[in-house]
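Some notes on the structure that comes next.
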Amino acid sequence: GKIVVVGEVAGGFGKDVGVMRLNSNGTLDNTFSGDGKGFYNLNHFKDDFVTGVVMQGSKIVVSGYVQEDSGSSNTVFAVLRLNSDGTPDLTFNGTGVKRISFAAEGAFSAKAYALSTANNKIIVVGRAEFNANNWYMAAARLNNNGSLDNSFSGDGITIFTFRNVVPPCDQGFENEAFGVAINSGLLLVNTDPGFVLVGRTNACGNSDVAIARLN
């Protein structure tokens, strides 16, 4: 019977994550952070960008991306998990915040756009950037404690492109995921542990819907 709203708020040192919880009648829920509103920073004094929220039992899980360094446009995936009272969940990566880089895949920057949870796992999807016009779909899977799930692609992260199914283009190639479903909901309705990503692929300015299913 609660409503959770997330977004970005202007803080003293840039953008922070704002989370608001409302009662079913639209009033602020004062059992959340004392006044129904919580403000969180995902990387000290860096800009935070919020893209999604899901419930994991009584926990609130927020996805987004955050600047790696002040003055830099390079970003990494970020996941915030809160207890039901609005405090950061310290059982999640020790701080309640997990930042995920795709540098091991050769990407200089990454943006997370959606997330989902199932079986005590958290899936976060978006894009990994190799240059201004060369992006791959990107996915990361976390264990319940916030660590990367090494049973997923060996190190918990993966990237992929639709370059092999779209005509080649020397003007750049953009792939990014905007949605993910695990075991139920959008497209995926059976009971195996795979999941589906939905997004777009763009070659030479022509965008198409892109759908990928991963184990």
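Ligands are numbered from 1 in the order shown, residues from 1 within each chain, and chains are lettered A, B, ... in the order they appear in the structure tokens.
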**Request:** Quick one: pick out all strand (DSSP E or B) residues within segment 34-191 of chain A from a backbone DSSP run and write them as a VMD selection string.
**Result:** chain A and resid 37 to 40 48 to 56 59 to 67 75 to 82 88 97 to 100 109 to 118 121 to 131 134 to 142 148 157 to 160 173 to 182
**Request:** Could you give me, as a PyMOL selection string, the residues within 9 Å of Ala212 of chain A, counting only C-alpha atoms and dropping anything in the same chain fewer than 2 positions from it?
**Result:** chain A and resi 195-199+210+214
Closest pair table for segment 9-77 of chain A residues within 12 Å of segment 86-105 of chain A, only C-alpha atoms, as JSON lines:
{"residue": "A:Val17", "atom": "CA", "partner": "A:Val97", "partner_atom": "CA", "distance": 11.6}
{"residue": "A:Gly18", "atom": "CA", "partner": "A:Gly86", "partner_atom": "CA", "distance": 10.9}
{"residue": "A:Val19", "atom": "CA", "partner": "A:Gly86", "partner_atom": "CA", "distance": 8.4}
{"residue": "A:Met20", "atom": "CA", "partner": "A:Gly86", "partner_atom": "CA", "distance": 9.2}
{"residue": "A:Arg21", "atom": "CA", "partner": "A:Gly86", "partner_atom": "CA", "distance": 9.0}
{"residue": "A:Asp29", "atom": "CA", "partner": "A:Gly86", "partner_atom": "CA", "distance": 10.6}
{"residue": "A:Asn30", "atom": "CA", "partner": "A:Gly86", "partner_atom": "CA", "distance": 10.1}
{"residue": "A:Thr31", "atom": "CA", "partner": "A:Gly86", "partner_atom": "CA", "distance": 8.2}
{"residue": "A:Phe32", "atom": "CA", "partner": "A:Gly86", "partner_atom": "CA", "distance": 5.0}
{"residue": "A:Ser33", "atom": "CA", "partner": "A:Gly86", "partner_atom": "CA", "distance": 4.8}
{"residue": "A:Gly34", "atom": "CA", "partner": "A:Gly86", "partner_atom": "CA", "distance": 8.4}
{"residue": "A:Asp35", "atom": "CA", "partner": "A:Gly86", "partner_atom": "CA", "distance": 10.0}
{"residue": "A:Gly36", "atom": "CA", "partner": "A:Gly86", "partner_atom": "CA", "distance": 8.4}
{"residue": "A:Lys37", "atom": "CA", "partner": "A:Gly86", "partner_atom": "CA", "distance": 8.1}
{"residue": "A:Gly38", "atom": "CA", "partner": "A:Gly86", "partner_atom": "CA", "distance": 6.5}
{"residue": "A:Phe39", "atom": "CA", "partner": "A:Gly86", "partner_atom": "CA", "distance": 9.3}
{"residue": "A:Tyr40", "atom": "CA", "partner": "A:Pro88", "partner_atom": "CA", "distance": 8.6}
{"residue": "A:Asn41", "atom": "CA", "partner": "A:Val97", "partner_atom": "CA", "distance": 9.1}
{"residue": "A:Leu42", "atom": "CA", "partner": "A:Val97", "partner_atom": "CA", "distance": 6.5}
{"residue": "A:Asn43", "atom": "CA", "partner": "A:Arg99", "partner_atom": "CA", "distance": 8.5}
{"residue": "A:His44", "atom": "CA", "partner": "A:Val97", "partner_atom": "CA", "distance": 11.6}
{"residue": "A:Asp48", "atom": "CA", "partner": "A:Arg99", "partner_atom": "CA", "distance": 11.3}
{"residue": "A:Gln56", "atom": "CA", "partner": "A:Asp89", "partner_atom": "CA", "distance": 11.8}
{"residue": "A:Ser58", "atom": "CA", "partner": "A:Gly86", "partner_atom": "CA", "distance": 10.7}
{"residue": "A:Lys59", "atom": "CA", "partner": "A:Asp89", "partner_atom": "CA", "distance": 8.1}
{"residue": "A:Ile60", "atom": "CA", "partner": "A:Gly86", "partner_atom": "CA", "distance": 8.4}
{"residue": "A:Val61", "atom": "CA", "partner": "A:Gly96", "partner_atom": "CA", "distance": 9.5}
{"residue": "A:Val62", "atom": "CA", "partner": "A:Val97", "partner_atom": "CA", "distance": 9.5}
{"residue": "A:Ser63", "atom": "CA", "partner": "A:Lys98", "partner_atom": "CA", "distance": 9.7}
{"residue": "A:Gly64", "atom": "CA", "partner": "A:Arg99", "partner_atom": "CA", "distance": 9.5}
{"residue": "A:Tyr65", "atom": "CA", "partner": "A:Arg99", "partner_atom": "CA", "distance": 8.1}
{"residue": "A:Val66", "atom": "CA", "partner": "A:Arg99", "partner_atom": "CA", "distance": 8.1}
{"residue": "A:Gln67", "atom": "CA", "partner": "A:Arg99", "partner_atom": "CA", "distance": 10.2}
{"residue": "A:Glu68", "atom": "CA", "partner": "A:Ser101", "partner_atom": "CA", "distance": 9.2}
{"residue": "A:Asn74", "atom": "CA", "partner": "A:Ser101", "partner_atom": "CA", "distance": 10.2}
{"residue": "A:Thr75", "atom": "CA", "partner": "A:Ser101", "partner_atom": "CA", "distance": 8.2}
{"residue": "A:Val76", "atom": "CA", "partner": "A:Ser101", "partner_atom": "CA", "distance": 5.1}
{"residue": "A:Phe77", "atom": "CA", "partner": "A:Ile100", "partner_atom": "CA", "distance": 4.9}
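Those residues that approach Asn133 of chain A to within 7 Å, counting only C-alpha atoms, are A:Asn131, A:Trp135, A:Gly172, A:Phe173, A:Glu174; same-chain residues fewer than 2 positions away are not listed.
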**7 Å contact set for Ala107 of chain A, only C-alpha atoms, chain neighbours under 5 positions out, as JSON, numbers by chain** = {"A": [102, 128, 129, 130]}
Tell me which protein, DNA and RNA residues are within 9 Å of Gly26 of chain A, counting only C-alpha atoms, leaving out same-chain ones fewer than 4 positions away, and put them as a short mmCIF file (atom, residue, chain, number, x, y, z; two decimals) with C-alpha atoms, in the first residue's frame.
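Done, and the output landed in part-v4.cif:
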data_model
loop_
_atom_site.label_atom_id
_atom_site.label_comp_id
_atom_site.auth_asym_id
_atom_site.auth_seq_id
_atom_site.Cartn_x
_atom_site.Cartn_y
_atom_site.Cartn_z
CA LYS A 2 3.04 2.31 -0.25
CA ILE A 3 4.26 4.32 -3.23
CA LEU A 22 4.02 7.90 0.24
#
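Relative to atom CA of Phe45 of chain A, atom CA of Arg141 of chain A is found at 26.3 Å.
The spacing separating atom CA of Asn144 of chain A from atom CA of Asn119 of chain A amounts to 8.8 Å.
Distances from A:Ser84, A:Asn175, A:Thr117, A:Ser207 to Val53 of chain A were compared using only C-alpha atoms, and the smallest one belongs to A:Thr117.
Counting only C-alpha atoms, the residue from A:Ile122, A:Arg81, A:Glu176, A:Ser153 that sits nearest to Ala110 of chain A is A:Glu176.
Between Thr27 of chain A and the candidates A:Val4, A:Ala139, A:Ala10, A:Val124, the tightest atom-to-atom separation, counting only C-alpha atoms, involves A:Val4.
Once Phe160 of chain A and its same-chain neighbours fewer than 4 positions away are set aside, Tyr136, Met137 and Ala138 of chain A remain within 8 Å of it when counting only C-alpha atoms.
Considering the residues A:Leu148, A:Ala140, A:Val50, A:Leu80 and counting only C-alpha atoms, Tyr113 of chain A has its shortest atom-to-atom contact with A:Val50.
What separates atom CA of Ala181 of chain A from atom CA of Ser116 of chain A is a distance of 6.6 Å.
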